[in-house]
Amino acid sequence: MPYVIETFDRPGQEALRQRLRAEHLRFLASQAPRLLACGAKLRDDGSDAGGGLYIIDVQDRPAAEAFIAADPFSAGGLFDRVSITRWRQAYLAGQCHLSPEPTLCPTPT
C-alpha cells in the first residue's frame with residue numbers, strides 16, 4: 001500500500017544533510033524494492049529546499065513510520081517535521097493504476 005512521506009529539514013542544517021548524504025543514499029539503495037519514487041525538494045533555481053519526498057510501497061502506516069525512522073537523515077536528527085499520508089496510486093510513470101475499466105483509465109486519443 002503506497003504512502004507519501006514528506007520531510008522538512010531543521011533550519012540551518014545544510015552541513016548535517018551533506019554529512020549524512022552518503023549513508024542516506026546507501027539506505028535508499030537497500031530499500032529500492034519499496035521505493036516508487038523519492039528525491040530531495042529543490043527551489044526553482046535548483047538549490048536544496050531542505051527536505052524530501054518519498055513514495056513508498058509498504059504494508060501499513062507502522063511500516064512507513066519504521067521506514068522513515070531508519071533513514072539516516074531521520075536517525076541523525078536532520079528532520080524538523082515528517083508528514084506521512086496514505087496515497088491512492090492513480091497514475092505512475094504514465095500508466096493508469098485505477099482500474100481496467102475504460103471510464104477510469106481512458107485510452108489517450
# chains A, B, ... in the order shown; residues from 1 in each chain; ligands from 1

$ closest_atom_pairs --of "region 50-82 of chain A" --to "region 20-32 of chain A" --cutoff "8 Å" --atoms "only C-alpha atoms" --output "CSV"
residue,atom,partner,partner_atom,distance
A:Asp71,CA,A:His24,CA,6.2
A:Pro72,CA,A:His24,CA,5.2
A:Phe73,CA,A:His24,CA,6.2
A:Gly76,CA,A:Leu20,CA,7.4

$ residues_around --residues "Trp87 (chain A)" --least-positions-apart "5" --cutoff "7 Å" --atoms "only C-alpha atoms" --output "PyMOL selection string"
chain A and resi 2-4

$ write_last_selection --atoms "N, CA, C and O atoms" --output "PDB file, in the first residue's frame"
ATOM      1  N   PRO A   2       0.702   2.134  -0.941  1.00  0.00           N
ATOM      2  CA  PRO A   2       1.593   3.287  -1.067  1.00  0.00           C
ATOM      3  C   PRO A   2       1.349   4.359   0.002  1.00  0.00           C
ATOM      4  O   PRO A   2       0.215   4.618   0.399  1.00  0.00           O
ATOM      5  N   TYR A   3       2.443   4.951   0.423  1.00  0.00           N
ATOM      6  CA  TYR A   3       2.434   6.097   1.333  1.00  0.00           C
ATOM      7  C   TYR A   3       3.353   7.164   0.780  1.00  0.00           C
ATOM      8  O   TYR A   3       4.409   6.859   0.203  1.00  0.00           O
ATOM      9  N   VAL A   4       2.959   8.422   0.964  1.00  0.00           N
ATOM     10  CA  VAL A   4       3.804   9.565   0.644  1.00  0.00           C
ATOM     11  C   VAL A   4       4.375  10.070   1.959  1.00  0.00           C
ATOM     12  O   VAL A   4       3.629  10.304   2.915  1.00  0.00           O
TER      13      VAL A   4
END

$ closest_residue --among "A:Ala40, A:Ala49, A:Ile84, A:Leu98" --to "Phe67 (chain A)" --atoms "only C-alpha atoms"
A:Ile84

$ select_by_dssp --residues "chain A" --states "helix (DSSP H, G or I)" --output "ChimeraX atom specification"
/A:14-30,32-34,61-70,72-75

$ write_last_selection --atoms "N, CA, C and O atoms" --output "short mmCIF file (atom, residue, chain, number, x, y, z; two decimals), in the first residue's frame"
data_model
loop_
_atom_site.label_atom_id
_atom_site.label_comp_id
_atom_site.auth_asym_id
_atom_site.auth_seq_id
_atom_site.Cartn_x
_atom_site.Cartn_y
_atom_site.Cartn_z
N GLU A 14 22.16 22.45 6.62
CA GLU A 14 22.71 22.02 5.34
C GLU A 14 23.96 21.16 5.51
O GLU A 14 24.16 20.17 4.81
N ALA A 15 24.82 21.53 6.46
CA ALA A 15 26.06 20.77 6.69
C ALA A 15 25.74 19.36 7.20
O ALA A 15 26.39 18.39 6.79
N LEU A 16 24.74 19.24 8.07
CA LEU A 16 24.34 17.92 8.56
C LEU A 16 23.80 17.07 7.42
O LEU A 16 24.13 15.89 7.29
N ARG A 17 23.00 17.67 6.54
CA ARG A 17 22.46 16.95 5.38
C ARG A 17 23.62 16.41 4.52
O ARG A 17 23.61 15.26 4.11
N GLN A 18 24.61 17.24 4.26
CA GLN A 18 25.75 16.81 3.44
C GLN A 18 26.56 15.71 4.14
O GLN A 18 27.01 14.76 3.50
N ARG A 19 26.72 15.82 5.45
CA ARG A 19 27.48 14.82 6.20
C ARG A 19 26.79 13.46 6.19
O ARG A 19 27.44 12.43 6.13
N LEU A 20 25.45 13.44 6.22
CA LEU A 20 24.68 12.19 6.26
C LEU A 20 24.31 11.65 4.88
O LEU A 20 23.78 10.55 4.77
N ARG A 21 24.57 12.42 3.84
CA ARG A 21 24.06 12.09 2.49
C ARG A 21 24.50 10.72 1.99
O ARG A 21 23.69 9.95 1.48
N ALA A 22 25.77 10.37 2.09
CA ALA A 22 26.25 9.09 1.57
C ALA A 22 25.57 7.92 2.28
O ALA A 22 25.13 6.95 1.64
N GLU A 23 25.45 8.02 3.60
CA GLU A 23 24.77 6.96 4.36
C GLU A 23 23.29 6.88 3.98
O GLU A 23 22.72 5.79 3.85
N HIS A 24 22.67 8.04 3.78
CA HIS A 24 21.26 8.11 3.35
C HIS A 24 21.09 7.43 1.99
O HIS A 24 20.16 6.63 1.80
N LEU A 25 21.99 7.70 1.04
CA LEU A 25 21.89 7.09 -0.29
C LEU A 25 22.10 5.58 -0.24
O LEU A 25 21.44 4.83 -0.97
N ARG A 26 22.98 5.10 0.65
CA ARG A 26 23.14 3.65 0.83
C ARG A 26 21.86 3.04 1.39
O ARG A 26 21.43 1.96 0.96
N PHE A 27 21.23 3.73 2.33
CA PHE A 27 19.95 3.26 2.88
C PHE A 27 18.90 3.16 1.76
O PHE A 27 18.22 2.15 1.65
N LEU A 28 18.80 4.19 0.94
CA LEU A 28 17.82 4.17 -0.15
C LEU A 28 18.10 3.01 -1.10
O LEU A 28 17.16 2.32 -1.53
N ALA A 29 19.35 2.77 -1.43
CA ALA A 29 19.69 1.65 -2.31
C ALA A 29 19.26 0.33 -1.69
O ALA A 29 18.75 -0.56 -2.40
N SER A 30 19.40 0.20 -0.39
CA SER A 30 18.99 -1.04 0.28
C SER A 30 17.48 -1.21 0.32
O SER A 30 16.98 -2.31 0.52
N ALA A 32 15.44 -0.09 -2.25
CA ALA A 32 14.95 0.16 -3.61
C ALA A 32 13.67 -0.59 -3.97
O ALA A 32 12.79 0.00 -4.60
N PRO A 33 13.48 -1.85 -3.57
CA PRO A 33 12.23 -2.53 -3.94
C PRO A 33 10.97 -1.86 -3.37
O PRO A 33 9.89 -2.01 -3.92
N ARG A 34 11.12 -1.12 -2.29
CA ARG A 34 9.97 -0.45 -1.68
C ARG A 34 9.72 0.95 -2.25
O ARG A 34 8.67 1.53 -2.02
N ARG A 61 0.82 1.80 7.87
CA ARG A 61 1.41 3.03 8.43
C ARG A 61 2.58 2.73 9.38
O ARG A 61 3.62 3.40 9.28
N PRO A 62 2.48 1.74 10.28
CA PRO A 62 3.65 1.46 11.12
C PRO A 62 4.90 1.12 10.30
O PRO A 62 6.02 1.50 10.67
N ALA A 63 4.73 0.44 9.18
CA ALA A 63 5.88 0.14 8.32
C ALA A 63 6.43 1.41 7.69
O ALA A 63 7.65 1.56 7.54
N ALA A 64 5.55 2.35 7.30
CA ALA A 64 6.01 3.63 6.76
C ALA A 64 6.76 4.42 7.83
O ALA A 64 7.79 5.04 7.55
N GLU A 65 6.24 4.41 9.05
CA GLU A 65 6.91 5.10 10.16
C GLU A 65 8.28 4.48 10.44
O GLU A 65 9.26 5.19 10.68
N ALA A 66 8.35 3.15 10.41
CA ALA A 66 9.62 2.47 10.64
C ALA A 66 10.61 2.77 9.52
O ALA A 66 11.81 2.95 9.77
N PHE A 67 10.12 2.84 8.29
CA PHE A 67 10.97 3.15 7.14
C PHE A 67 11.66 4.49 7.34
O PHE A 67 12.88 4.60 7.25
N ILE A 68 10.87 5.53 7.62
CA ILE A 68 11.47 6.87 7.71
C ILE A 68 12.32 7.00 8.97
O ILE A 68 13.34 7.69 8.96
N ALA A 69 11.97 6.30 10.04
CA ALA A 69 12.78 6.35 11.26
C ALA A 69 14.16 5.73 11.02
O ALA A 69 15.15 6.15 11.64
N ALA A 70 14.25 4.74 10.12
CA ALA A 70 15.51 4.07 9.84
C ALA A 70 16.40 4.86 8.86
O ALA A 70 17.59 4.57 8.75
N PRO A 72 18.94 7.38 7.65
CA PRO A 72 19.98 8.10 8.38
C PRO A 72 19.71 9.60 8.54
O PRO A 72 20.15 10.19 9.52
N PHE A 73 19.00 10.20 7.60
CA PHE A 73 18.63 11.60 7.78
C PHE A 73 17.76 11.77 9.02
O PHE A 73 17.92 12.71 9.79
N SER A 74 16.81 10.86 9.19
CA SER A 74 15.92 10.91 10.36
C SER A 74 16.68 10.54 11.63
O SER A 74 16.64 11.26 12.63
N ALA A 75 17.37 9.41 11.59
CA ALA A 75 18.11 8.93 12.76
C ALA A 75 19.19 9.93 13.18
O ALA A 75 19.51 10.04 14.37
#

$ select_by_dssp --residues "chain A" --states "strand (DSSP E or B)" --output "ChimeraX atom specification"
/A:2-9,35-42,48-57,79-86,91-92,95-96
